[in-house]
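Printed here is upload.txt (compact mmCIF, C-alpha atoms):
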# COMPACT_ATOMS: atom_id res chain seq x y z
CA MET F 114 9.34 16.12 13.94
CA PRO F 115 13.09 15.44 14.22
CA ARG F 116 14.14 12.24 12.51
CA SER F 117 15.52 9.62 14.91
CA PRO F 118 18.35 7.27 13.88
CA LEU F 119 15.84 4.45 13.77
CA ILE F 120 13.54 6.36 11.40
CA ALA F 121 16.45 7.18 9.14
CA ALA F 122 17.51 3.55 9.04
CA ILE F 123 14.00 2.36 8.32
CA ALA F 124 13.35 4.89 5.59
CA ALA F 125 16.57 3.86 3.90
CA VAL F 126 15.36 0.29 3.68
CA CYS F 127 11.98 0.97 3.15
CA LEU F 128 0.46 5.78 -12.77
CA LEU F 129 -2.14 11.06 -21.84
CA ALA F 130 -4.43 10.97 -23.83
CA SER F 131 -8.20 10.68 -23.92
CA GLY F 132 -9.79 8.00 -26.06
CA CYS F 133 -11.41 4.62 -25.98
CA VAL F 134 -10.92 2.65 -22.81
CA THR F 135 -11.85 -0.61 -21.16
CA VAL F 136 -11.99 -1.27 -17.45
CA ARG F 137 -12.66 -4.94 -16.83
CA ALA F 138 -12.42 -7.23 -13.83
CA ALA F 139 -10.67 -10.51 -14.56
CA ALA F 140 -11.99 -12.56 -11.67
CA VAL F 141 -13.77 -10.45 -9.07
CA PRO F 142 -16.37 -7.74 -9.67
CA THR F 143 -15.09 -4.22 -9.26
CA GLU F 144 -16.53 -0.78 -9.18
CA PRO F 145 -17.25 0.67 -11.71
CA ALA F 146 -17.17 -2.41 -13.97
CA GLU F 147 -18.83 -5.80 -13.62
CA PRO F 148 -17.00 -8.97 -14.76
CA GLY F 149 -16.35 -9.01 -18.48
CA VAL F 150 -18.00 -5.65 -19.15
CA THR F 151 -16.04 -3.41 -21.50
CA VAL F 152 -16.57 0.28 -22.10
CA GLY F 153 -14.30 0.79 -25.07
CA SER F 154 -11.16 -0.63 -26.67
CA GLY F 155 -7.45 -0.29 -26.17
CA GLN F 156 -4.34 -2.25 -25.29
CA SER F 157 -5.13 -4.84 -22.63
CA VAL F 158 -2.97 -4.92 -19.51
CA ARG F 159 -3.12 -7.20 -16.50
CA VAL F 160 -3.26 -5.13 -13.33
CA ALA F 161 -2.53 -6.86 -10.04
CA VAL F 162 -4.28 -5.51 -6.96
CA PHE F 163 -3.86 -6.82 -3.43
CA ASN F 164 -7.33 -7.71 -2.23
CA ASN F 165 -6.65 -7.18 1.46
CA TYR F 166 -5.23 -3.68 1.90
CA PRO F 167 -8.08 -1.45 3.06
CA PRO F 168 -8.95 1.29 2.43
CA ALA F 169 -6.95 1.29 -0.84
CA GLU F 170 -7.98 -2.08 -2.22
CA PHE F 171 -9.91 -4.88 -0.55
CA THR F 172 -12.83 -7.26 -1.01
CA ALA F 173 -16.20 -6.34 0.50
CA ASN F 174 -19.41 -8.29 -0.11
CA GLY F 175 -17.77 -10.22 -2.92
CA LYS F 176 -16.56 -7.12 -4.76
CA LEU F 177 -13.31 -5.24 -4.93
CA ALA F 178 -13.53 -1.83 -3.31
CA GLY F 179 -11.27 0.96 -2.15
CA TRP F 180 -9.86 4.26 -3.30
CA MET F 181 -7.21 2.72 -5.56
CA ILE F 182 -9.80 0.51 -7.24
CA GLU F 183 -11.91 3.59 -7.88
CA PHE F 184 -8.91 5.61 -9.07
CA LEU F 185 -8.01 3.02 -11.72
CA ASP F 186 -11.05 4.03 -13.79
CA PRO F 187 -9.93 7.61 -14.55
CA ILE F 188 -6.36 6.38 -15.02
CA ALA F 189 -7.58 3.89 -17.63
CA ARG F 190 -9.62 6.57 -19.34
CA GLU F 191 -6.66 8.93 -19.51
CA THR F 192 -4.19 6.34 -20.81
CA GLY F 193 -6.57 4.44 -23.14
CA LEU F 194 -5.51 1.16 -21.53
CA ARG F 195 -7.93 -1.71 -20.99
CA MET F 196 -7.23 -2.78 -17.44
CA ASP F 197 -7.94 -6.42 -16.60
CA ILE F 198 -7.88 -6.40 -12.81
CA VAL F 199 -6.33 -9.46 -11.16
CA PRO F 200 -6.98 -9.75 -7.40
CA VAL F 201 -4.00 -11.26 -5.57
CA ASN F 202 -4.36 -12.97 -2.22
CA ASN F 203 -0.66 -13.24 -1.34
CA PHE F 204 1.08 -9.86 -1.31
CA SER F 205 4.56 -11.37 -1.51
CA THR F 206 3.84 -12.71 -5.03
CA ILE F 207 3.09 -9.30 -6.59
CA ILE F 208 6.59 -8.00 -7.28
CA PRO F 209 7.82 -11.40 -8.55
CA GLY F 210 4.71 -11.39 -10.77
CA LEU F 211 5.82 -8.08 -12.30
CA GLN F 212 9.33 -9.39 -12.83
CA SER F 213 8.14 -12.61 -14.49
CA GLY F 214 5.66 -10.87 -16.82
CA ARG F 215 2.58 -12.31 -15.12
CA PHE F 216 1.40 -8.76 -14.44
CA ASP F 217 1.90 -5.60 -16.50
CA ILE F 218 1.04 -3.22 -13.65
CA ALA F 219 0.66 -3.60 -9.89
CA ALA F 220 -1.82 -1.11 -8.40
CA ALA F 221 -1.06 -2.41 -4.95
CA ASN F 222 0.18 0.67 -3.07
CA LEU F 223 3.74 -0.58 -2.90
CA THR F 224 5.90 1.33 -0.44
CA VAL F 225 8.90 2.79 -2.25
CA SER F 226 12.24 1.48 -1.09
CA ALA F 227 15.77 1.56 -2.47
CA GLU F 228 15.71 -2.21 -2.86
CA ARG F 229 12.45 -2.22 -4.82
CA VAL F 230 13.41 0.48 -7.34
CA LYS F 231 16.39 -1.67 -8.33
CA ILE F 232 14.08 -4.37 -9.67
CA ILE F 233 10.84 -2.58 -10.66
CA ASP F 234 9.77 0.95 -11.61
CA MET F 235 7.53 2.80 -9.17
CA VAL F 236 5.11 5.66 -9.90
CA THR F 237 4.04 7.34 -6.67
CA VAL F 238 0.37 7.77 -5.77
CA ASP F 239 0.37 8.71 -2.08
CA ALA F 240 2.59 9.07 0.98
CA VAL F 241 1.92 7.56 4.37
CA GLY F 242 3.73 6.59 7.55
CA THR F 243 4.00 3.18 9.18
CA GLY F 244 1.61 2.86 12.09
CA PHE F 245 0.81 0.58 14.99
CA SER F 246 -2.33 -0.57 16.76
CA THR F 247 -2.85 -2.64 19.88
CA ALA F 248 -5.76 -4.48 21.45
CA ALA F 249 -8.16 -2.08 23.14
CA GLY F 250 -7.58 -2.06 26.87
CA SER F 251 -4.28 -3.95 26.62
CA GLY F 252 -2.29 -1.12 28.16
CA VAL F 253 0.40 -1.48 25.47
CA ALA F 254 1.74 1.92 24.42
CA ILE F 255 3.99 2.46 21.39
CA ARG F 256 5.67 5.87 21.59
CA SER F 257 8.97 4.98 19.90
CA GLY F 258 10.66 2.12 18.11
CA ARG F 259 12.08 0.87 21.39
CA ASP F 260 8.56 0.30 22.73
CA VAL F 261 8.27 -2.50 20.16
CA CYS F 262 11.26 -4.35 21.66
CA GLY F 263 10.18 -7.62 23.28
CA ARG F 264 6.66 -7.36 21.84
CA ALA F 265 4.93 -9.87 19.56
CA VAL F 266 4.35 -7.98 16.31
CA ALA F 267 1.92 -9.07 13.55
CA ALA F 268 2.68 -7.76 10.04
CA LEU F 269 2.15 -8.56 6.35
CA ALA F 270 4.62 -10.99 4.80
CA GLY F 271 6.61 -9.68 1.85
CA SER F 272 6.01 -6.06 2.83
CA VAL F 273 8.36 -3.23 3.74
CA TYR F 274 7.53 -3.90 7.39
CA GLU F 275 9.89 -6.89 7.42
CA PRO F 276 13.06 -4.77 6.96
CA GLN F 277 11.60 -2.14 9.28
CA LEU F 278 11.26 -4.77 12.00
CA ARG F 279 14.83 -5.91 11.42
CA ALA F 280 15.95 -2.30 11.91
CA ILE F 281 13.95 -2.13 15.13
CA ASN F 282 15.62 -5.30 16.38
CA ASP F 283 19.05 -3.85 15.60
CA GLU F 284 18.25 -0.91 17.86
CA CYS F 285 16.81 -3.23 20.51
CA ALA F 286 20.06 -5.19 20.55
CA ALA F 287 22.13 -2.00 20.76
CA ALA F 288 20.09 -0.92 23.77
CA GLY F 289 20.35 -4.32 25.46
CA LEU F 290 16.63 -4.95 25.01
CA PRO F 291 14.98 -8.17 23.81
CA PRO F 292 14.04 -8.28 20.11
CA ALA F 293 10.51 -7.98 18.81
CA ARG F 294 8.98 -11.38 18.11
CA THR F 295 7.72 -11.18 14.55
CA SER F 296 4.72 -13.07 13.13
CA LEU F 297 4.24 -12.55 9.38
CA TYR F 298 0.90 -13.26 7.69
CA PRO F 299 -0.05 -13.64 3.99
CA ASP F 300 -2.87 -11.12 4.37
CA SER F 301 -3.50 -8.13 6.59
CA SER F 302 -6.80 -9.40 8.00
CA ALA F 303 -5.03 -12.26 9.74
CA ALA F 304 -2.45 -9.88 11.19
CA VAL F 305 -5.18 -7.50 12.42
CA LEU F 306 -7.07 -10.42 13.97
CA ALA F 307 -3.95 -11.62 15.77
CA ALA F 308 -3.54 -8.23 17.45
CA GLY F 309 -7.26 -7.83 18.15
CA THR F 310 -7.40 -11.21 19.89
CA ARG F 311 -4.11 -10.59 21.73
CA ARG F 312 -2.23 -13.41 20.02
CA ALA F 313 0.10 -10.56 19.09
CA ASP F 314 0.78 -7.41 21.08
CA VAL F 315 0.95 -5.09 18.08
CA PHE F 316 -0.33 -4.83 14.50
CA MET F 317 2.13 -3.00 12.25
CA GLY F 318 1.14 -1.62 8.84
CA SER F 319 0.48 1.46 6.74
CA TYR F 320 -0.94 4.14 9.00
CA SER F 321 -4.02 4.46 6.74
CA GLU F 322 -4.59 0.71 7.01
CA VAL F 323 -4.03 0.79 10.76
CA VAL F 324 -6.66 3.52 11.19
CA HIS F 325 -9.15 1.80 8.86
CA SER F 326 -8.78 -1.63 10.47
CA ALA F 327 -9.16 -0.20 13.98
CA ARG F 328 -12.33 1.63 12.91
CA GLU F 329 -13.79 -1.48 11.28
CA SER F 330 -12.86 -4.04 13.93
CA GLY F 331 -13.65 -2.06 17.05
CA GLN F 332 -11.03 -4.17 18.80
CA LEU F 333 -7.91 -2.06 18.30
CA THR F 334 -6.49 1.21 19.53
CA VAL F 335 -4.39 3.26 17.11
CA GLN F 336 -1.07 4.38 18.55
CA ASP F 337 0.01 7.95 17.83
CA TYR F 338 3.57 7.00 16.94
CA GLN F 339 4.46 6.67 13.24
CA PHE F 340 7.63 5.94 11.35
CA ALA F 341 8.74 8.36 8.64
CA ARG F 342 6.19 9.20 5.94
CA LEU F 343 7.14 7.27 2.79
CA PRO F 344 5.67 7.27 -0.73
CA GLU F 345 3.49 4.41 -1.97
CA ALA F 346 3.42 3.58 -5.66
CA ILE F 347 2.01 1.70 -8.62
CA GLY F 348 4.60 -0.80 -9.85
CA PHE F 349 5.81 -1.72 -13.36
CA PRO F 350 8.39 -4.10 -14.80
CA LYS F 351 11.62 -2.32 -15.66
CA GLY F 352 11.38 -0.80 -19.14
CA SER F 353 7.58 -0.99 -19.32
CA PRO F 354 6.00 1.15 -22.08
CA HIS F 355 3.18 2.03 -19.69
CA THR F 356 5.16 3.66 -16.89
CA GLU F 357 5.36 7.23 -18.18
CA LYS F 358 1.84 7.34 -19.60
CA VAL F 359 0.43 6.25 -16.24
CA ARG F 360 2.55 8.79 -14.36
CA ALA F 361 1.33 11.52 -16.75
CA ALA F 362 -2.26 10.39 -16.15
CA VAL F 363 -1.85 10.51 -12.40
CA ASN F 364 -0.40 14.02 -12.57
CA LYS F 365 -3.24 15.17 -14.85
CA LEU F 366 -5.77 13.77 -12.38
CA ILE F 367 -3.97 15.46 -9.49
CA ALA F 368 -4.06 18.80 -11.31
CA GLY F 369 -7.72 18.35 -12.31
CA GLY F 370 -8.89 17.51 -8.79
CA GLN F 371 -10.20 13.99 -9.48
CA TYR F 372 -7.41 12.44 -7.44
CA ARG F 373 -8.11 14.42 -4.29
CA SER F 374 -11.86 13.88 -4.76
CA VAL F 375 -11.40 10.11 -4.64
CA LEU F 376 -9.16 10.30 -1.57
CA HIS F 377 -11.57 12.65 0.20
CA LYS F 378 -14.46 10.25 -0.46
CA TRP F 379 -12.53 7.51 1.31
CA GLY F 380 -11.39 9.72 4.19
CA MET F 381 -7.79 9.62 3.02
CA ALA F 382 -7.12 13.25 2.04
CA ASP F 383 -4.13 13.40 4.38
CA ILE F 384 -2.13 10.91 2.29
CA ALA F 385 -2.38 13.02 -0.91
CA ILE F 386 0.71 14.01 -2.88
CA THR F 387 1.06 17.09 -5.10
CA GLU F 388 3.04 15.40 -7.89
CA SER F 389 3.58 11.80 -8.97
CA GLN F 390 7.25 10.87 -9.27
CA LEU F 391 9.13 7.97 -10.83
CA ASN F 392 11.46 6.06 -8.53
CA PRO F 393 12.01 8.84 -5.96
CA GLU F 394 14.90 8.55 -3.57
CA VAL F 395 13.90 7.67 -0.02
CA ARG F 396 15.98 8.20 3.11
Is it possible to give me this structure as structure tokens?
Amino acid sequence: MPRSPLIAAIAAVCLLASGCVTVRAAAVPTEPAEPGVTVGSGQSVRVAVFNNYPPAEFTANGKLAGWMIEFLDPIARETGLRMDIVPVNNFSTIIPGLQSGRFDIAAANLTVSAERVKIIDMVTVDAVGTGFSTAAGSGVAIRSGRDVCGRAVAALAGSVYEPQLRAINDECAAAGLPPARTSLYPDSSAAVLAAGTRRADVFMGSYSEVVHSARESGQLTVQDYQFARLPEAIGFPKGSPHTEKVRAAVNKLIAGGQYRSVLHKWGMADIAITESQLNPEVR
């Protein structure tokens, strides 16, 4: 599909060795490990995961679930790292947590952007577009960025969708259209609920999340329009000793088929990448 000026502007702004391993949950049970259970030994790292980003990572029935949660196990086994998983409720605190040393790794499907790679290192794990959903039967249709102008848009605070919405509003202004009215929420569930109950006209998020939330809620209609497909990544503090070993592990798991098997299980085969990259340029 030809790239519109809006998409180009948005895209510009917008983890080896086998051995002993531990996969342990620090606060919330995860699959495959229960709290405090260890399956080996190795250097302990604190891994932040956002607990409200389905289907990659989220809480269901009191446990963490999702394809990224499941994928951390083979990554830990390949690197020999003992991963202490730290569920995070507020997405906007994850990158500052990496910068401050609170977390060693963030397996939170961070969208790669030029701004982010200046302050953290990013190892890509998938690629997905930005999507939209609207309340079923609302009659709202999003076929281009301009269709968002004047709409009330619910999105996740601290995410790449904030600069994307600013780019949309720049185009709205240039076209003489009213700006989108933005409501930012600390978790995606609240943003989804706002759109489903028509307190917002549109939910804006990762296309995989948009599809999953519409399927689960039964209240939303997925719009066909997507912004440019952008890579999502596992994050590391600049200069981390773990960055390259995790990237090598991801590439080994891609080559061996385990990566695609996990994505296929979660219905996410279409977001697969063929090679993990470090800090790729995005346009």
Kindly give the distance, in Å, that separates CA of Pro354 (chain F) and CA of Ser389 (chain F), rounded to a single decimal.
->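 Computed distance, CA of Pro354 (chain F) to CA of Ser389 (chain F), equals 17.1 Å.
If you measure from each of F:Pro167, F:Pro209, F:Pro276, F:Pro187 to Gln371 (chain F) using all atoms listed in the file, the closest one turns out to be F:Pro187.
Between CA of Asn174 (chain F) and CA of Ala249 (chain F) the interatomic distance comes to 26.6 Å.
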Hey, can you check how far CA of Ala220 (chain F) sits from CA of Glu275 (chain F)?
-> 20.5 Å
Nearby residues (only C-alpha atoms) at most 9 Å from Pro291 (chain F), same-chain spacing under 3 positions excluded, as a PyMOL selection string | chain F and resi 262-264+282+285-286+288+294
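Using only C-alpha atoms, the smallest distance between any of F:Pro168, F:Pro299, F:Gly242, F:Gly348 and Asn203 (chain F) comes from F:Pro299.
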Counting only C-alpha atoms, the residue of F:Phe204, F:Phe349, F:Phe216, F:Tyr338 that sits nearest Asn165 (chain F) =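 Of all the options, F:Phe204 lies closest to Asn165 (chain F).
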Taking 5 positions as the minimum chain separation for residues in the same chain, which residues sit within 7 Å of Val315 (chain F) when counting only C-alpha atoms? Answer as a PDB file with C-alpha atoms, keeping the file's coordinate frame.
ATOM      1  CA  PHE F 245       0.810   0.580  14.990  1.00  0.00           C
ATOM      2  CA  SER F 246      -2.330  -0.570  16.760  1.00  0.00           C
ATOM      3  CA  THR F 247      -2.850  -2.640  19.880  1.00  0.00           C
ATOM      4  CA  ALA F 265       4.930  -9.870  19.560  1.00  0.00           C
ATOM      5  CA  VAL F 266       4.350  -7.980  16.310  1.00  0.00           C
ATOM      6  CA  ALA F 267       1.920  -9.070  13.550  1.00  0.00           C
ATOM      7  CA  ALA F 308      -3.540  -8.230  17.450  1.00  0.00           C
TER       8      ALA F 308
END
